[in-house]
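Chemist: My questions all concern the structure below.
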Amino acid sequence: MPDRAPRIVVGGSVAALVAADDLAARGTPVHLVVPERGLGGGFLPMRRDGRRLELGVRLLELGYEDDAVPPALDAYVPGFGGHRPYTRLVREWVQGLVGDRLTEVDRPRLVLDGRTHDDIYFTVDLAVLPRILGPDRTAAVAAEASRAARTLGDAGVLPNLNGDSLAQASLANHGRTLHDTLIAPVADKFLARGAERTLAAWRRKVWMPLFWPRTVADACTGTPGFTPDRRFETVGDDGPGAVVDALLARLRARPGVTITTAGPVRRARTCGGTTELDIEGLTVLRADRPVLGT
């Protein structure tokens, strides 16, 4: 039987909102405490005078070439790539929320040497590399990546990144030419010296891929190899923020859900077998099993 005492959920991130929604769907009363600013994390845009400024997420990535039947949720391992086995489950959840408003977008584009080309950062499809790089750079990348594959193996350093920076891992797997042309300059746009200052394991923080040297070499020599299949979608004309809008509307309509706006969490501590939450703007809350998405 579901708990009858309200479960306290604190936070305005998508994770916190989904947790509150799932609890309420199971019949558990929920007290959701959301922040005064930043609701929806990077999903909700700023809206002013009929205009929209996206703050973070621009597209939804809901499909991969290796989509499979999702394992049980208790097999989930948090961390980089931990969501991959559950992509189909996430996609079904989003479709259930926004329906046929979910629409696929054209392949993204990148700019190099003053020309636009098919994207490689998000699609991770390197078949276009020879057209992007031109013959001289393609030959250099092919030689450098082939040497890395022979020395380090097809996957290069990817199976054992340890504490390597993105720059170290990229130079090892891709070689100097590809790194200096397509990796480091874009990482620098997100963070000064971004490739050097970002752990390779957290490369998506600066939206950079890390390829197998064998994949790079195959693409530059025209050898059939890994063929990715990535879909990028949005929600009608409203963008990914519409997912959060729809989720908030569903939460507000659910019976047993109370939503309170408050300031930041100042302290959380155990107190007599319960958790005591000191949140700015509220009296102290006590809960048996709070969900903290902060």
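A note on labels: chains of the structure tokens are A, B, ... as shown, every chain counts residues from 1, and ligands are counted from 1 in their shown order.
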Residues at most 12 Å from Ile259 in chain A, counting only C-alpha atoms, excluding those fewer than 4 positions away in the same chain, as a list in words?

Modeler: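 My reading of the contact set: Pro6, Arg7, Ile8, Val9, Val10, Gly11, Gly12, Leu17, Ala20, Asp21, Pro29, Val30, His31, Leu32, Val33, Val34, Pro35, Glu36, Leu248, Ala249, Leu251, Arg252, Ala253, Arg254 and Pro255 of chain A.
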
Chemist: Going by DSSP on the backbone, which bits of range 62-200 of chain A are strand (DSSP E or B)? Write them as a list in words, please.

Modeler: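 The residues of range 62-200 of chain A classed as strand (DSSP E or B) are Leu62, Gly63, Leu102, Thr103, Glu104, Arg109, Leu110, Val111, Leu112, Arg115, Thr116, His117, Asp118, Ser165 and Leu199 of chain A.
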
Chemist: Write the residues of the selection above to a file with all heavy atoms, as a compact mmCIF listing (two decimals), in the first residue's frame.

Modeler:
```
# COMPACT_ATOMS: atom_id res chain seq x y z
N LEU A 62 16.84 11.06 -27.92
CA LEU A 62 16.01 9.98 -27.38
C LEU A 62 16.16 8.67 -28.13
O LEU A 62 15.33 7.78 -28.00
CB LEU A 62 14.53 10.40 -27.40
CG LEU A 62 14.19 11.65 -26.58
CD1 LEU A 62 12.74 12.06 -26.81
CD2 LEU A 62 14.44 11.39 -25.11
N GLY A 63 17.22 8.54 -28.92
CA GLY A 63 17.40 7.30 -29.65
C GLY A 63 18.85 7.05 -29.99
O GLY A 63 19.58 7.97 -30.35
N LEU A 102 6.12 15.65 -30.39
CA LEU A 102 7.53 15.31 -30.49
C LEU A 102 7.90 15.14 -31.96
O LEU A 102 7.36 14.29 -32.66
CB LEU A 102 7.79 14.01 -29.73
CG LEU A 102 9.25 13.62 -29.47
CD1 LEU A 102 9.92 14.64 -28.57
CD2 LEU A 102 9.32 12.22 -28.85
N THR A 103 8.81 15.98 -32.47
CA THR A 103 9.14 15.97 -33.89
C THR A 103 10.65 15.94 -34.08
O THR A 103 11.41 16.58 -33.35
CB THR A 103 8.58 17.22 -34.59
OG1 THR A 103 9.04 18.40 -33.89
CG2 THR A 103 7.06 17.22 -34.58
N GLU A 104 11.08 15.19 -35.10
CA GLU A 104 12.50 15.06 -35.41
C GLU A 104 12.98 16.31 -36.14
O GLU A 104 12.26 16.90 -36.94
CB GLU A 104 12.75 13.81 -36.25
CG GLU A 104 14.22 13.44 -36.39
CD GLU A 104 14.44 12.04 -36.94
OE1 GLU A 104 13.45 11.32 -37.14
OE2 GLU A 104 15.61 11.69 -37.19
N ARG A 109 24.52 21.13 -37.95
CA ARG A 109 25.63 21.51 -38.82
C ARG A 109 26.76 22.10 -37.97
O ARG A 109 26.54 22.61 -36.88
CB ARG A 109 25.18 22.56 -39.84
CG ARG A 109 23.97 22.18 -40.66
CD ARG A 109 24.30 21.25 -41.80
NE ARG A 109 25.02 21.96 -42.85
CZ ARG A 109 25.56 21.35 -43.92
NH1 ARG A 109 25.44 20.04 -44.05
NH2 ARG A 109 26.20 22.04 -44.85
N LEU A 110 27.97 22.00 -38.50
CA LEU A 110 29.11 22.65 -37.86
C LEU A 110 29.76 23.58 -38.88
O LEU A 110 29.52 23.47 -40.09
CB LEU A 110 30.11 21.63 -37.32
CG LEU A 110 30.84 20.69 -38.30
CD1 LEU A 110 32.07 21.36 -38.91
CD2 LEU A 110 31.27 19.41 -37.59
N VAL A 111 30.59 24.49 -38.39
CA VAL A 111 31.29 25.44 -39.25
C VAL A 111 32.79 25.23 -39.10
O VAL A 111 33.31 25.19 -37.97
CB VAL A 111 30.93 26.89 -38.90
CG1 VAL A 111 31.74 27.86 -39.78
CG2 VAL A 111 29.44 27.14 -39.08
N LEU A 112 33.50 25.07 -40.21
CA LEU A 112 34.95 24.97 -40.21
C LEU A 112 35.48 25.64 -41.47
O LEU A 112 34.93 25.42 -42.56
CB LEU A 112 35.40 23.50 -40.17
CG LEU A 112 36.92 23.28 -40.14
CD1 LEU A 112 37.51 23.78 -38.81
CD2 LEU A 112 37.27 21.80 -40.34
N ARG A 115 32.99 27.40 -43.81
CA ARG A 115 31.95 26.65 -44.51
C ARG A 115 31.16 25.80 -43.51
O ARG A 115 31.69 25.38 -42.48
CB ARG A 115 32.55 25.72 -45.57
CG ARG A 115 33.28 26.43 -46.70
CD ARG A 115 33.67 25.43 -47.79
NE ARG A 115 34.32 26.06 -48.92
CZ ARG A 115 35.63 26.24 -49.03
NH1 ARG A 115 36.43 25.81 -48.06
NH2 ARG A 115 36.15 26.83 -50.10
N THR A 116 29.89 25.52 -43.84
CA THR A 116 29.09 24.63 -42.99
C THR A 116 29.21 23.20 -43.50
O THR A 116 29.35 22.96 -44.71
CB THR A 116 27.61 25.05 -42.99
OG1 THR A 116 27.09 24.94 -44.32
CG2 THR A 116 27.44 26.46 -42.48
N HIS A 117 29.18 22.27 -42.56
CA HIS A 117 29.31 20.85 -42.87
C HIS A 117 28.34 20.07 -42.00
O HIS A 117 27.86 20.55 -40.97
CB HIS A 117 30.73 20.36 -42.58
CG HIS A 117 31.82 21.14 -43.24
ND1 HIS A 117 32.27 20.89 -44.52
CD2 HIS A 117 32.56 22.19 -42.78
CE1 HIS A 117 33.23 21.73 -44.83
NE2 HIS A 117 33.44 22.53 -43.79
N ASP A 118 28.10 18.81 -42.37
CA ASP A 118 27.32 17.93 -41.50
C ASP A 118 28.04 17.76 -40.17
O ASP A 118 29.26 17.60 -40.12
CB ASP A 118 27.13 16.55 -42.16
CG ASP A 118 26.08 16.57 -43.25
OD1 ASP A 118 25.23 17.47 -43.23
OD2 ASP A 118 26.11 15.67 -44.12
N SER A 165 42.64 14.03 -18.63
CA SER A 165 41.86 15.15 -19.13
C SER A 165 41.33 14.80 -20.51
O SER A 165 41.82 13.87 -21.17
CB SER A 165 42.71 16.41 -19.19
OG SER A 165 43.69 16.28 -20.22
N LEU A 199 37.70 16.64 -17.23
CA LEU A 199 38.02 15.22 -17.20
C LEU A 199 37.43 14.52 -18.42
O LEU A 199 36.30 14.81 -18.82
CB LEU A 199 37.46 14.57 -15.93
CG LEU A 199 38.17 14.87 -14.61
CD1 LEU A 199 37.38 14.28 -13.45
CD2 LEU A 199 39.58 14.30 -14.63
```

Chemist: For Ala139 in chain A, list every protein, DNA or RNA residue within 10 Å, evaluated using only C-alpha atoms, and leave out those in the same chain fewer than 3 positions away; present the list as a ChimeraX atom specification.

Modeler: /A:130,133-136,142-144,177,217,220-221

Chemist: Produce a file of the selected residues containing N, CA, C and O atoms, as a short mmCIF file (atom, residue, chain, number, x, y, z; two decimals), in the first residue's frame.

Modeler:
```cif
data_model
loop_
_atom_site.label_atom_id
_atom_site.label_comp_id
_atom_site.auth_asym_id
_atom_site.auth_seq_id
_atom_site.Cartn_x
_atom_site.Cartn_y
_atom_site.Cartn_z
N PRO A 130 36.29 13.17 -44.26
CA PRO A 130 37.08 13.58 -45.43
C PRO A 130 36.57 14.85 -46.09
O PRO A 130 37.37 15.69 -46.53
N LEU A 133 37.53 17.82 -43.58
CA LEU A 133 38.94 18.11 -43.36
C LEU A 133 39.72 18.43 -44.63
O LEU A 133 40.74 19.13 -44.57
N GLY A 134 39.29 17.91 -45.77
CA GLY A 134 40.09 18.05 -46.98
C GLY A 134 41.17 16.98 -47.04
O GLY A 134 41.47 16.32 -46.03
N PRO A 135 41.81 16.80 -48.19
CA PRO A 135 42.71 15.65 -48.39
C PRO A 135 43.93 15.64 -47.47
O PRO A 135 44.31 14.59 -46.95
N ASP A 136 44.59 16.79 -47.28
CA ASP A 136 45.82 16.78 -46.50
C ASP A 136 45.56 16.45 -45.03
O ASP A 136 46.25 15.59 -44.44
N ALA A 142 44.26 10.09 -40.61
CA ALA A 142 44.25 8.64 -40.84
C ALA A 142 45.52 8.00 -40.31
O ALA A 142 45.49 6.95 -39.65
N ALA A 143 46.67 8.64 -40.56
CA ALA A 143 47.94 8.08 -40.11
C ALA A 143 48.03 8.11 -38.58
O ALA A 143 48.46 7.12 -37.95
N GLU A 144 47.64 9.22 -37.98
CA GLU A 144 47.74 9.36 -36.52
C GLU A 144 46.79 8.40 -35.80
O GLU A 144 47.16 7.77 -34.80
N THR A 177 46.23 16.29 -35.14
CA THR A 177 45.53 17.04 -36.19
C THR A 177 44.04 17.16 -35.89
O THR A 177 43.47 18.26 -35.92
N ALA A 217 40.15 6.23 -37.86
CA ALA A 217 40.96 5.75 -38.98
C ALA A 217 40.08 5.20 -40.10
O ALA A 217 40.32 5.48 -41.28
N CYS A 220 38.44 7.96 -42.13
CA CYS A 220 39.35 8.72 -42.98
C CYS A 220 39.90 7.90 -44.15
O CYS A 220 40.40 8.47 -45.12
N THR A 221 39.81 6.59 -44.07
CA THR A 221 40.29 5.73 -45.16
C THR A 221 39.15 5.14 -45.98
O THR A 221 39.38 4.38 -46.92
#
```

Chemist: Find the spatial neighbours of Arg176 in chain A, counting only C-alpha atoms, within a cut-off of 8 Å - ignore same-chain residues fewer than 4 positions away - and output them as a PDB file with C-alpha atoms, in the first residue's frame.

Modeler:
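As a result, result_4.pdb now contains:
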```pdb
ATOM      1  CA  VAL A 141      44.361  12.102 -39.220  1.00  0.00           C
ATOM      2  CA  GLU A 144      47.741   9.355 -36.516  1.00  0.00           C
ATOM      3  CA  LEU A 171      45.418  13.395 -28.294  1.00  0.00           C
ATOM      4  CA  ASP A 180      43.625  20.774 -32.777  1.00  0.00           C
TER       5      ASP A 180
END
```

Chemist: Apply DSSP to the backbone of this structure and, from range 136-245 of chain A, keep only the residues in alpha helix (DSSP H); write these as a ChimeraX atom specification.

Modeler: /A:136-152,166-174,176-178,184-190,194-197,213-221,241-245

Chemist: What's around Leu178 in chain A at 10 Å? Count only C-alpha atoms, leave out sequence neighbours fewer than 4 positions away in its own chain, and write the answer as a ChimeraX atom specification.

Modeler: /A:129,133,137-138,140-142,144-145,170-171,173-174,182-184,216

Chemist: Let me make sure I understand: among A:Ala149, A:Gly222, A:Val257, A:Phe43, which one has the smallest atom-to-atom distance to Arg131 in chain A if we use only C-alpha atoms?

Modeler: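 Using only C-alpha atoms, Arg131 in chain A sits closest to A:Gly222.
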
Chemist: Taking 2 positions as the minimum chain separation for residues in the same chain, which residues sit within 9 Å of Thr227 in chain A when counting only C-alpha atoms? Answer as a PyMOL selection string.

Modeler: chain A and resi 65+124-127+224-225+229

Chemist: With C-alpha atoms retained, export the selected residues as a PDB file, in the first residue's frame.

Modeler:
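That gives us selection.pdb:
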```pdb
ATOM      1  CA  GLU A  65      21.729   2.722 -32.671  1.00  0.00           C
ATOM      2  CA  VAL A 124      29.119  11.061 -33.814  1.00  0.00           C
ATOM      3  CA  ASP A 125      28.992  10.068 -37.493  1.00  0.00           C
ATOM      4  CA  LEU A 126      32.545  10.410 -38.826  1.00  0.00           C
ATOM      5  CA  ALA A 127      31.814   9.313 -42.391  1.00  0.00           C
ATOM      6  CA  PRO A 224      33.210   0.465 -43.426  1.00  0.00           C
ATOM      7  CA  GLY A 225      33.027   0.618 -39.638  1.00  0.00           C
ATOM      8  CA  ASP A 229      22.104   6.304 -35.653  1.00  0.00           C
TER       9      ASP A 229
END
```

Chemist: So that I can check the surroundings of Gly38 in chain A, please list as number ranges by chain every protein, DNA and RNA residue that reaches within 12 Å of it, counting only C-alpha atoms and ignoring chain neighbours fewer than 5 positions away.

Modeler: A: 11-14, 43-46, 55-56, 244, 261-264, 294

Chemist: Find the distance between CA of Gly99 in chain A and CA of Asp66 in chain A and write it in Å to one decimal.

Modeler: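 The value is 23.5 Å.
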
Chemist: Please, what distance in Å, to one decimal, runs between CA of Asp22 in chain A and CA of Leu53 in chain A?

Modeler: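 So the two atoms, CA of Asp22 in chain A and CA of Leu53 in chain A, lie 29.3 Å apart.
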
Chemist: Mind giving me the straight-line distance from CA of Pro78 in chain A to CA of Ala200 in chain A in Å, one decimal?

Modeler: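 Separation between CA of Pro78 in chain A and CA of Ala200 in chain A: 16.6 Å.
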